[in-house]
Every structure is written in structure tokens, then in C-alpha cells.
>>> print(open('input-v7.tsv').read())   # TSV, C-alpha atoms
chain	number	residue	atom	x	y	z
A	1	ASP	CA	51.85	-9.71	-35.13
A	2	ALA	CA	50.61	-6.57	-36.84
A	3	LYS	CA	50.81	-6.71	-40.61
A	4	THR	CA	50.72	-2.97	-41.14
A	5	THR	CA	53.46	-0.34	-41.00
A	6	GLN	CA	52.92	3.22	-39.83
A	7	PRO	CA	55.26	6.11	-39.00
A	8	PRO	CA	55.71	6.33	-35.22
A	9	SER	CA	54.77	9.98	-34.95
A	10	MET	CA	53.47	12.99	-36.86
A	11	ASP	CA	52.66	16.60	-36.14
A	12	CYS	CA	49.84	18.63	-37.61
A	13	ALA	CA	48.80	22.26	-37.23
A	14	GLU	CA	45.34	22.85	-35.83
A	15	GLY	CA	42.80	23.44	-38.60
A	16	ARG	CA	44.92	21.77	-41.25
A	17	ALA	CA	44.36	18.36	-42.75
A	18	ALA	CA	46.14	15.46	-41.08
A	19	ASN	CA	47.17	12.73	-43.50
A	20	LEU	CA	48.20	9.51	-41.80
A	21	PRO	CA	49.78	6.86	-44.03
A	22	CYS	CA	49.69	3.12	-43.59
A	23	ASN	CA	51.50	0.40	-45.49
A	24	HIS	CA	49.74	-2.96	-45.72
A	25	SER	CA	51.61	-4.54	-48.60
A	26	THR	CA	50.72	-8.10	-47.58
A	27	ILE	CA	46.98	-7.51	-47.38
A	28	SER	CA	44.87	-10.16	-49.06
A	29	GLY	CA	41.71	-9.79	-51.05
A	30	ASN	CA	39.28	-10.40	-48.21
A	31	GLU	CA	40.98	-8.26	-45.60
A	32	TYR	CA	39.54	-4.90	-44.69
A	33	VAL	CA	41.52	-1.89	-43.56
A	34	TYR	CA	40.24	-0.55	-40.26
A	35	TRP	CA	41.36	2.59	-38.48
A	36	TYR	CA	41.08	3.14	-34.76
A	37	ARG	CA	42.48	5.79	-32.50
A	38	GLN	CA	43.23	5.95	-28.81
A	39	ILE	CA	43.04	9.25	-27.04
A	40	HIS	CA	45.01	9.33	-23.82
A	41	SER	CA	43.30	7.47	-20.94
A	42	GLN	CA	40.45	6.27	-23.14
A	43	GLY	CA	39.75	3.01	-24.92
A	44	PRO	CA	40.36	2.61	-28.65
A	45	GLN	CA	37.74	4.27	-30.82
A	46	TYR	CA	36.65	3.03	-34.23
A	47	ILE	CA	37.06	5.64	-36.97
A	48	ILE	CA	36.46	4.17	-40.41
A	49	HIS	CA	37.08	1.11	-42.56
A	50	GLY	CA	37.28	0.12	-46.21
A	51	LEU	CA	37.99	-2.75	-48.55
A	52	LYS	CA	39.01	-1.19	-51.85
A	53	ASN	CA	36.92	1.92	-52.38
A	54	ASN	CA	37.56	5.25	-50.77
A	55	GLU	CA	35.32	5.92	-47.82
A	56	THR	CA	34.17	9.00	-45.93
A	57	ASN	CA	32.21	9.47	-42.75
A	58	GLU	CA	31.67	12.26	-40.25
A	59	MET	CA	35.05	11.67	-38.66
A	60	ALA	CA	37.44	11.08	-41.52
A	61	SER	CA	38.16	9.95	-45.06
A	62	LEU	CA	40.01	6.82	-46.07
A	63	ILE	CA	41.91	6.65	-49.33
A	64	ILE	CA	43.02	3.16	-50.40
A	65	THR	CA	45.43	2.78	-53.29
A	66	GLU	CA	44.28	0.80	-56.29
A	67	ASP	CA	46.68	-2.06	-55.52
A	68	ARG	CA	45.46	-1.97	-51.88
A	69	LYS	CA	49.01	-2.02	-50.56
A	70	SER	CA	48.66	1.25	-48.72
A	71	SER	CA	46.06	3.68	-47.44
A	72	THR	CA	45.82	7.17	-45.97
A	73	LEU	CA	43.52	8.33	-43.22
A	74	ILE	CA	42.58	11.97	-43.63
A	75	LEU	CA	41.28	14.17	-40.84
A	76	PRO	CA	40.20	17.18	-42.91
A	77	HIS	CA	40.39	19.86	-40.20
A	78	ALA	CA	42.39	18.57	-37.29
A	79	THR	CA	41.61	19.91	-33.83
A	80	LEU	CA	43.54	19.64	-30.58
A	81	ARG	CA	41.13	16.89	-29.54
A	82	ASP	CA	42.36	14.76	-32.43
A	83	THR	CA	45.69	14.31	-30.67
A	84	ALA	CA	45.87	10.54	-30.22
A	85	VAL	CA	47.55	7.34	-31.35
A	86	TYR	CA	46.09	6.17	-34.66
A	87	TYR	CA	46.07	2.50	-35.56
A	88	CYS	CA	45.75	1.01	-39.02
A	89	ILE	CA	44.62	-2.63	-38.82
A	90	ASP	CA	44.03	-5.21	-41.49
A	91	TRP	CA	41.05	-7.26	-40.48
A	92	ARG	CA	39.73	-10.43	-41.94
A	93	ARG	CA	36.05	-11.10	-41.71
A	94	ASN	CA	36.57	-14.76	-40.87
A	95	GLN	CA	39.46	-14.51	-38.47
A	96	GLY	CA	37.19	-14.46	-35.47
A	97	GLY	CA	36.92	-10.76	-34.97
A	98	LYS	CA	40.37	-10.34	-33.52
A	99	LEU	CA	41.95	-6.90	-33.90
A	100	ILE	CA	45.74	-6.97	-34.12
A	101	PHE	CA	47.14	-3.63	-33.03
A	102	GLY	CA	50.59	-2.43	-34.01
A	103	GLN	CA	52.47	0.53	-32.57
A	104	GLY	CA	50.36	3.07	-34.44
A	105	THR	CA	51.13	6.69	-35.25
A	106	GLU	CA	51.15	9.23	-32.46
A	107	LEU	CA	49.55	12.34	-33.94
A	108	SER	CA	50.15	15.63	-32.17
A	109	VAL	CA	47.90	18.48	-33.25
A	110	LYS	CA	49.51	21.77	-32.33
A	111	PRO	CA	47.92	25.24	-32.02
B	1	GLU	CA	22.69	4.17	-25.83
B	2	ALA	CA	25.01	3.47	-22.94
B	3	GLY	CA	28.52	2.53	-23.93
B	4	VAL	CA	30.73	-0.28	-22.73
B	5	THR	CA	31.28	0.11	-19.01
B	6	GLN	CA	34.26	-1.22	-17.13
B	7	PHE	CA	34.99	-1.19	-13.44
B	8	PRO	CA	36.89	-0.54	-11.46
B	9	SER	CA	38.67	2.13	-13.46
B	10	HIS	CA	41.79	1.62	-11.37
B	11	SER	CA	42.94	-1.17	-9.12
B	12	VAL	CA	46.12	-1.47	-7.08
B	13	ILE	CA	46.78	-4.87	-5.53
B	14	GLU	CA	49.69	-6.71	-4.03
B	15	LYS	CA	51.42	-9.56	-5.78
B	16	GLY	CA	49.65	-12.80	-4.97
B	17	GLN	CA	46.25	-11.25	-4.43
B	18	THR	CA	43.19	-11.78	-6.56
B	19	VAL	CA	41.50	-9.14	-8.67
B	20	THR	CA	38.27	-9.31	-10.64
B	21	LEU	CA	37.57	-6.91	-13.48
B	22	ARG	CA	34.09	-6.41	-14.80
B	23	CYS	CA	32.79	-5.39	-18.20
B	24	ASP	CA	29.22	-4.48	-19.09
B	25	PRO	CA	28.84	-4.50	-22.88
B	26	ILE	CA	26.31	-2.49	-24.85
B	27	SER	CA	22.89	-4.06	-24.33
B	28	GLY	CA	22.13	-6.59	-27.03
B	29	HIS	CA	25.73	-7.06	-28.13
B	30	ASP	CA	26.42	-10.78	-28.29
B	31	ASN	CA	30.15	-10.37	-28.96
B	32	LEU	CA	32.41	-9.37	-26.12
B	33	TYR	CA	36.18	-9.07	-26.29
B	34	TRP	CA	38.94	-8.56	-23.76
B	35	TYR	CA	42.22	-6.87	-24.68
B	36	ARG	CA	45.09	-5.57	-22.61
B	37	ARG	CA	48.09	-3.32	-22.92
B	38	VAL	CA	51.04	-3.97	-20.68
B	39	MET	CA	53.69	-1.31	-20.20
B	40	GLY	CA	55.44	-0.37	-23.43
B	41	LYS	CA	53.71	-2.99	-25.54
B	42	GLU	CA	50.92	-3.02	-28.09
B	43	ILE	CA	47.30	-3.67	-27.28
B	44	LYS	CA	46.85	-7.44	-27.35
B	45	PHE	CA	43.77	-9.59	-27.80
B	46	LEU	CA	42.91	-11.88	-24.87
B	47	LEU	CA	39.64	-13.58	-25.69
B	48	HIS	CA	36.28	-13.40	-27.41
B	49	PHE	CA	32.85	-14.40	-26.16
B	50	VAL	CA	29.79	-14.97	-28.28
B	51	LYS	CA	26.98	-14.76	-25.78
B	52	GLU	CA	28.15	-16.96	-22.91
B	53	SER	CA	30.47	-19.15	-24.99
B	54	LYS	CA	34.20	-18.62	-25.34
B	55	GLN	CA	34.79	-18.39	-29.06
B	56	ASP	CA	38.51	-17.75	-28.97
B	57	GLU	CA	40.72	-17.62	-25.88
B	58	SER	CA	44.01	-17.93	-27.72
B	59	GLY	CA	45.31	-14.68	-26.25
B	60	MET	CA	44.93	-15.61	-22.59
B	61	PRO	CA	48.47	-15.51	-21.19
B	62	ASN	CA	48.22	-18.37	-18.69
B	63	ASN	CA	45.88	-20.22	-16.36
B	64	ARG	CA	46.00	-17.48	-13.75
B	65	PHE	CA	43.47	-15.66	-15.92
B	66	LEU	CA	39.84	-16.76	-15.91
B	67	ALA	CA	37.11	-15.07	-17.91
B	68	GLU	CA	33.43	-15.71	-17.53
B	69	ARG	CA	30.26	-14.40	-19.07
B	70	THR	CA	27.38	-16.01	-17.26
B	71	GLY	CA	24.04	-15.49	-18.96
B	72	GLY	CA	25.66	-13.80	-21.89
B	73	THR	CA	25.47	-10.33	-20.39
B	74	TYR	CA	28.33	-8.86	-18.38
B	75	SER	CA	31.75	-10.48	-18.22
B	76	THR	CA	34.38	-10.80	-15.53
B	77	LEU	CA	38.09	-11.34	-15.85
B	78	LYS	CA	39.74	-12.73	-12.75
B	79	VAL	CA	43.47	-12.77	-12.17
B	80	GLN	CA	44.52	-15.18	-9.45
B	81	PRO	CA	47.18	-14.90	-8.14
B	82	ALA	CA	48.28	-11.60	-9.65
B	83	GLU	CA	51.91	-11.15	-10.68
B	84	LEU	CA	53.88	-7.97	-11.32
B	85	GLU	CA	53.84	-8.54	-15.09
B	86	ASP	CA	50.03	-8.45	-15.08
B	87	SER	CA	50.12	-4.70	-14.59
B	88	GLY	CA	48.60	-2.81	-17.47
B	89	VAL	CA	45.34	-1.54	-18.87
B	90	TYR	CA	42.60	-4.08	-19.57
B	91	PHE	CA	40.04	-3.14	-22.21
B	92	CYS	CA	36.70	-4.66	-23.00
B	93	ALA	CA	34.90	-4.23	-26.31
B	94	SER	CA	31.57	-5.35	-27.68
B	95	SER	CA	29.82	-5.63	-31.02
B	96	GLN	CA	26.51	-6.82	-32.28
B	97	ASP	CA	27.44	-8.38	-35.58
B	98	ASP	CA	29.05	-11.79	-35.55
B	99	TYR	CA	32.28	-11.62	-37.60
B	100	GLY	CA	30.87	-9.25	-40.17
B	101	TRP	CA	31.92	-6.02	-38.56
B	102	GLY	CA	35.23	-4.97	-37.12
B	103	GLY	CA	34.14	-1.67	-35.65
B	104	TYR	CA	33.89	-2.47	-31.98
B	105	THR	CA	32.96	-0.20	-29.11
B	106	PHE	CA	35.60	-0.20	-26.40
B	107	GLY	CA	35.29	0.69	-22.76
B	108	SER	CA	37.68	3.10	-21.08
B	109	GLY	CA	39.62	0.28	-19.52
B	110	THR	CA	40.71	-0.83	-16.07
B	111	ARG	CA	44.22	0.19	-15.07
B	112	LEU	CA	45.65	-2.63	-12.97
B	113	THR	CA	48.78	-2.10	-10.93
B	114	VAL	CA	50.33	-5.05	-9.14
B	115	VAL	CA	52.88	-4.06	-6.49
>>> encode(input="input-v7.tsv", output="C-alpha cells")
Amino acid sequence: DAKTTQPPSMDCAEGRAANLPCNHSTISGNEYVYWYRQIHSQGPQYIIHGLKNNETNEMASLIITEDRKSSTLILPHATLRDTAVYYCIDWRRNQGGKLIFGQGTELSVKP
Amino acid sequence: EAGVTQFPSHSVIEKGQTVTLRCDPISGHDNLYWYRRVMGKEIKFLLHFVKESKQDESGMPNNRFLAERTGGTYSTLKVQPAELEDSGVYFCASSQDDYGWGGYTFGSGTRLTVV
């Protein structure tokens, strides 16, 4: 079962920042936070991950709270092509590589 | 580099028939995973290969499902005989790093419809 909690849906205006929250209050010290997204009719796509420091790459930024109980994925300038279901996953290095997907957040970017 | 390739992209079969799904991982990726999403449910893990060995098949639903990865390259997932509840989208993913990296590359999936 997924150990993260996300809002089921969110809207965002095109060009604005999309901030997607995730609660992972039961995360342990050796579990990473991974974000994936699934655009309609495609396979899941890796976005970014972090352990306890904030991270940024060409796709997004990840802000992890100091207590590691929650995080926020930030898409700085959302486009229509960012419309997708976003999944926050806690992942343990030694759990055999298994990704446990929850329901995710359905992000709709609107013109 | 070429991505993870799955075929067919769609398959419609009758209940009781056999279907074989194929996944070609990224060249050089030792780790290969199968996942599936059935209607209205979350994406669920099925199994994990490291090269040709099954590392974890805890997610396989029953013995009607058989996965193979001969030679440690491409993998097949056979469903025999198919049942209505097997309908869904089957995803394959691959990665190079063994356990140290959770950012997998997924294929576009095979949409299986059992009628």
C-alpha cells in the first residue's frame, strides 16, 4: 500500500507555478521521496527525487520539509503539456526496487 | 538512446485465449520490471528481473501469469488462459543501477482487453 498522501486533483493556470504537495509522515530515514508523472496514454515518467535536501533539475524542484514528513513538487512555469497524474512515492534503496504507486494528483493546466 | 519498447501496444483477446506481451529494455539495463494498472486501480508492481533471474515476483497475481527473460535481454509476459479481470495496461520499466536508483524508464505500455 502507498505510504504517501496527495490531493486527488489540482488546477493550475498556464505559465504559473504548479505546487503539488505530498504527505509522507511515516517516512523513515533511509527512504527517498521520488516523483513520477503519467501523461495520458504514456508510461510513468521519472521527474525528480530527494532524501532530505531540496533538489532541482531541468523539469522541476523538490522541496522537502526539515522533518521530512512532507514535500512539494514545483513546476515553475506549467504548460499544457504538464497536464498529467503526479505520483509521490517513498522508496527504500533496499526494498528491491519496487515502486508503490498511490492514486496521485491529477494536475490540469488550463490556458 | 532508444527507450523501453513494448509491443503490442494494444491487444484484444477472448477469455480463455493466450496472450504474450513483450518488453525490450534499454540496452545494457540489467533490471527489468513489470507493472500493471487494471481499471480504476493504482499501478501495481508485478515482478523484477535482474538479468535473466527473477529477483522478486511477489506481485504476480496467480499462476496464469508467466514472465521470462531469456538471455537477460528482452522479457515476455504470458497470460494463459486470460480472464476478464486481466484487462488493463501492462507497463515495463528498466534501470541500470541495482537497487541504488529508483528513477526507472518506463515503456508506453500494452493495453490488454479481454472480452
>>> residues_around(input="input-v7.tsv", residues="A:Ala18", least_positions_apart="3", cutoff="12 Å", atoms="only C-alpha atoms", output="PyMOL selection string")
chain A and resi 9-15+21+59-62+72-80+82-84+86+105-110
>>> closest_residue(input="input-v7.tsv", among="A:Thr56, A:Gln42, A:Ser70, A:Thr65", to="chain B", atoms="all atoms listed in the file")
A:Gln42
>>> residues_around(input="input-v7.tsv", residues="A:Ser25", least_positions_apart="2", cutoff="6 Å", atoms="all atoms listed in the file", output="MDAnalysis selection string")
chainID A and resid 23 27 69
>>> closest_residue(input="input-v7.tsv", among="A:Arg37, A:His24, A:Arg68, A:Arg16", to="chain B", atoms="all atoms listed in the file")
A:Arg37
>>> closest_residue(input="input-v7.tsv", among="B:Glu42, B:Glu83, B:Asp97, B:Glu68", to="chain A", atoms="all atoms listed in the file")
B:Glu42
>>> atom_distance(input="input-v7.tsv", atom1="atom CA of B:Gly59", atom2="atom CA of B:Leu47")
5.8 Å
>>> atom_distance(input="input-v7.tsv", atom1="atom CA of B:Glu52", atom2="atom CA of B:Pro25")
12.5 Å
>>> residues_around(input="input-v7.tsv", residues="stretch 43-48 of chain A", least_positions_apart="3", cutoff="10 Å", atoms="all atoms listed in the file", output="VMD selection string")
(chain A and resid 33 to 40 55 to 62 73 84 to 88) or (chain B and resid 4 43 89 to 93 102 to 110)
>>> closest_residue(input="input-v7.tsv", among="B:Gly16, B:Gly72, B:Arg64, B:Tyr33", to="chain A", atoms="only C-alpha atoms")
B:Tyr33
>>> residues_around(input="input-v7.tsv", residues="B:Gln96", least_positions_apart="3", cutoff="10 Å", atoms="only C-alpha atoms", output="JSON, numbers by chain")
{"B": [25, 26, 27, 28, 29, 30, 31, 32, 50, 99, 100, 101, 103, 104, 105]}
>>> decode(input="input-v7.tsv", residues="stretch 2-70 of chain A", atoms="C-alpha atoms", output="CSV table (one decimal), in the first residue's frame")
chain,number,residue,atom,x,y,z
A,2,ALA,CA,1.1,3.5,-0.8
A,3,LYS,CA,2.5,5.4,2.3
A,4,THR,CA,2.0,8.8,0.8
A,5,THR,CA,-1.0,11.1,0.7
A,6,GLN,CA,-1.7,13.5,-2.1
A,7,PRO,CA,-4.7,15.7,-3.0
A,8,PRO,CA,-6.7,13.9,-5.8
A,9,SER,CA,-6.7,16.9,-8.2
A,10,MET,CA,-5.4,20.4,-8.7
A,11,ASP,CA,-5.7,23.1,-11.3
A,12,CYS,CA,-3.0,25.5,-12.5
A,13,ALA,CA,-3.0,28.3,-14.9
A,14,GLU,CA,-0.6,28.0,-17.8
A,15,GLY,CA,2.6,29.8,-17.2
A,16,ARG,CA,2.2,29.9,-13.4
A,17,ALA,CA,4.0,27.7,-10.9
A,18,ALA,CA,2.3,24.4,-10.0
A,19,ASN,CA,2.9,23.4,-6.4
A,20,LEU,CA,2.0,19.8,-5.7
A,21,PRO,CA,2.0,18.7,-2.1
A,22,CYS,CA,2.7,15.3,-0.7
A,23,ASN,CA,2.4,14.0,2.9
A,24,HIS,CA,4.8,11.2,3.9
A,25,SER,CA,4.6,11.4,7.6
A,26,THR,CA,5.7,7.8,8.1
A,27,ILE,CA,8.8,8.0,6.0
A,28,SER,CA,11.9,6.5,7.6
A,29,GLY,CA,15.5,7.8,7.5
A,30,ASN,CA,16.6,5.7,4.5
A,31,GLU,CA,13.6,6.2,2.3
A,32,TYR,CA,13.8,8.6,-0.6
A,33,VAL,CA,11.0,10.7,-2.0
A,34,TYR,CA,10.5,10.1,-5.7
A,35,TRP,CA,8.2,11.9,-8.0
A,36,TYR,CA,6.8,10.4,-11.2
A,37,ARG,CA,4.1,11.6,-13.6
A,38,GLN,CA,1.9,9.8,-16.1
A,39,ILE,CA,0.7,11.8,-19.1
A,40,HIS,CA,-2.4,10.2,-20.7
A,41,SER,CA,-1.6,7.1,-22.7
A,42,GLN,CA,2.0,7.1,-21.8
A,43,GLY,CA,4.0,5.2,-19.2
A,44,PRO,CA,5.1,6.8,-15.9
A,45,GLN,CA,8.0,9.2,-16.2
A,46,TYR,CA,10.6,9.9,-13.6
A,47,ILE,CA,10.8,13.6,-12.6
A,48,ILE,CA,13.0,14.1,-9.5
A,49,HIS,CA,13.9,12.6,-6.2
A,50,GLY,CA,15.4,13.6,-2.9
A,51,LEU,CA,16.3,12.4,0.6
A,52,LYS,CA,16.4,15.5,2.8
A,53,ASN,CA,17.9,18.3,0.8
A,54,ASN,CA,16.0,20.4,-1.7
A,55,GLU,CA,16.6,19.3,-5.3
A,56,THR,CA,16.3,21.0,-8.7
A,57,ASN,CA,16.6,19.7,-12.2
A,58,GLU,CA,15.5,20.7,-15.6
A,59,MET,CA,12.0,19.5,-15.0
A,60,ALA,CA,11.1,20.6,-11.5
A,61,SER,CA,12.2,21.5,-8.0
A,62,LEU,CA,11.6,19.4,-4.9
A,63,ILE,CA,11.2,21.0,-1.5
A,64,ILE,CA,11.4,18.6,1.5
A,65,THR,CA,10.5,19.8,4.9
A,66,GLU,CA,13.1,19.6,7.6
A,67,ASP,CA,11.2,16.9,9.5
A,68,ARG,CA,10.8,15.0,6.1
A,69,LYS,CA,7.2,14.4,6.7
A,70,SER,CA,6.1,16.3,3.6
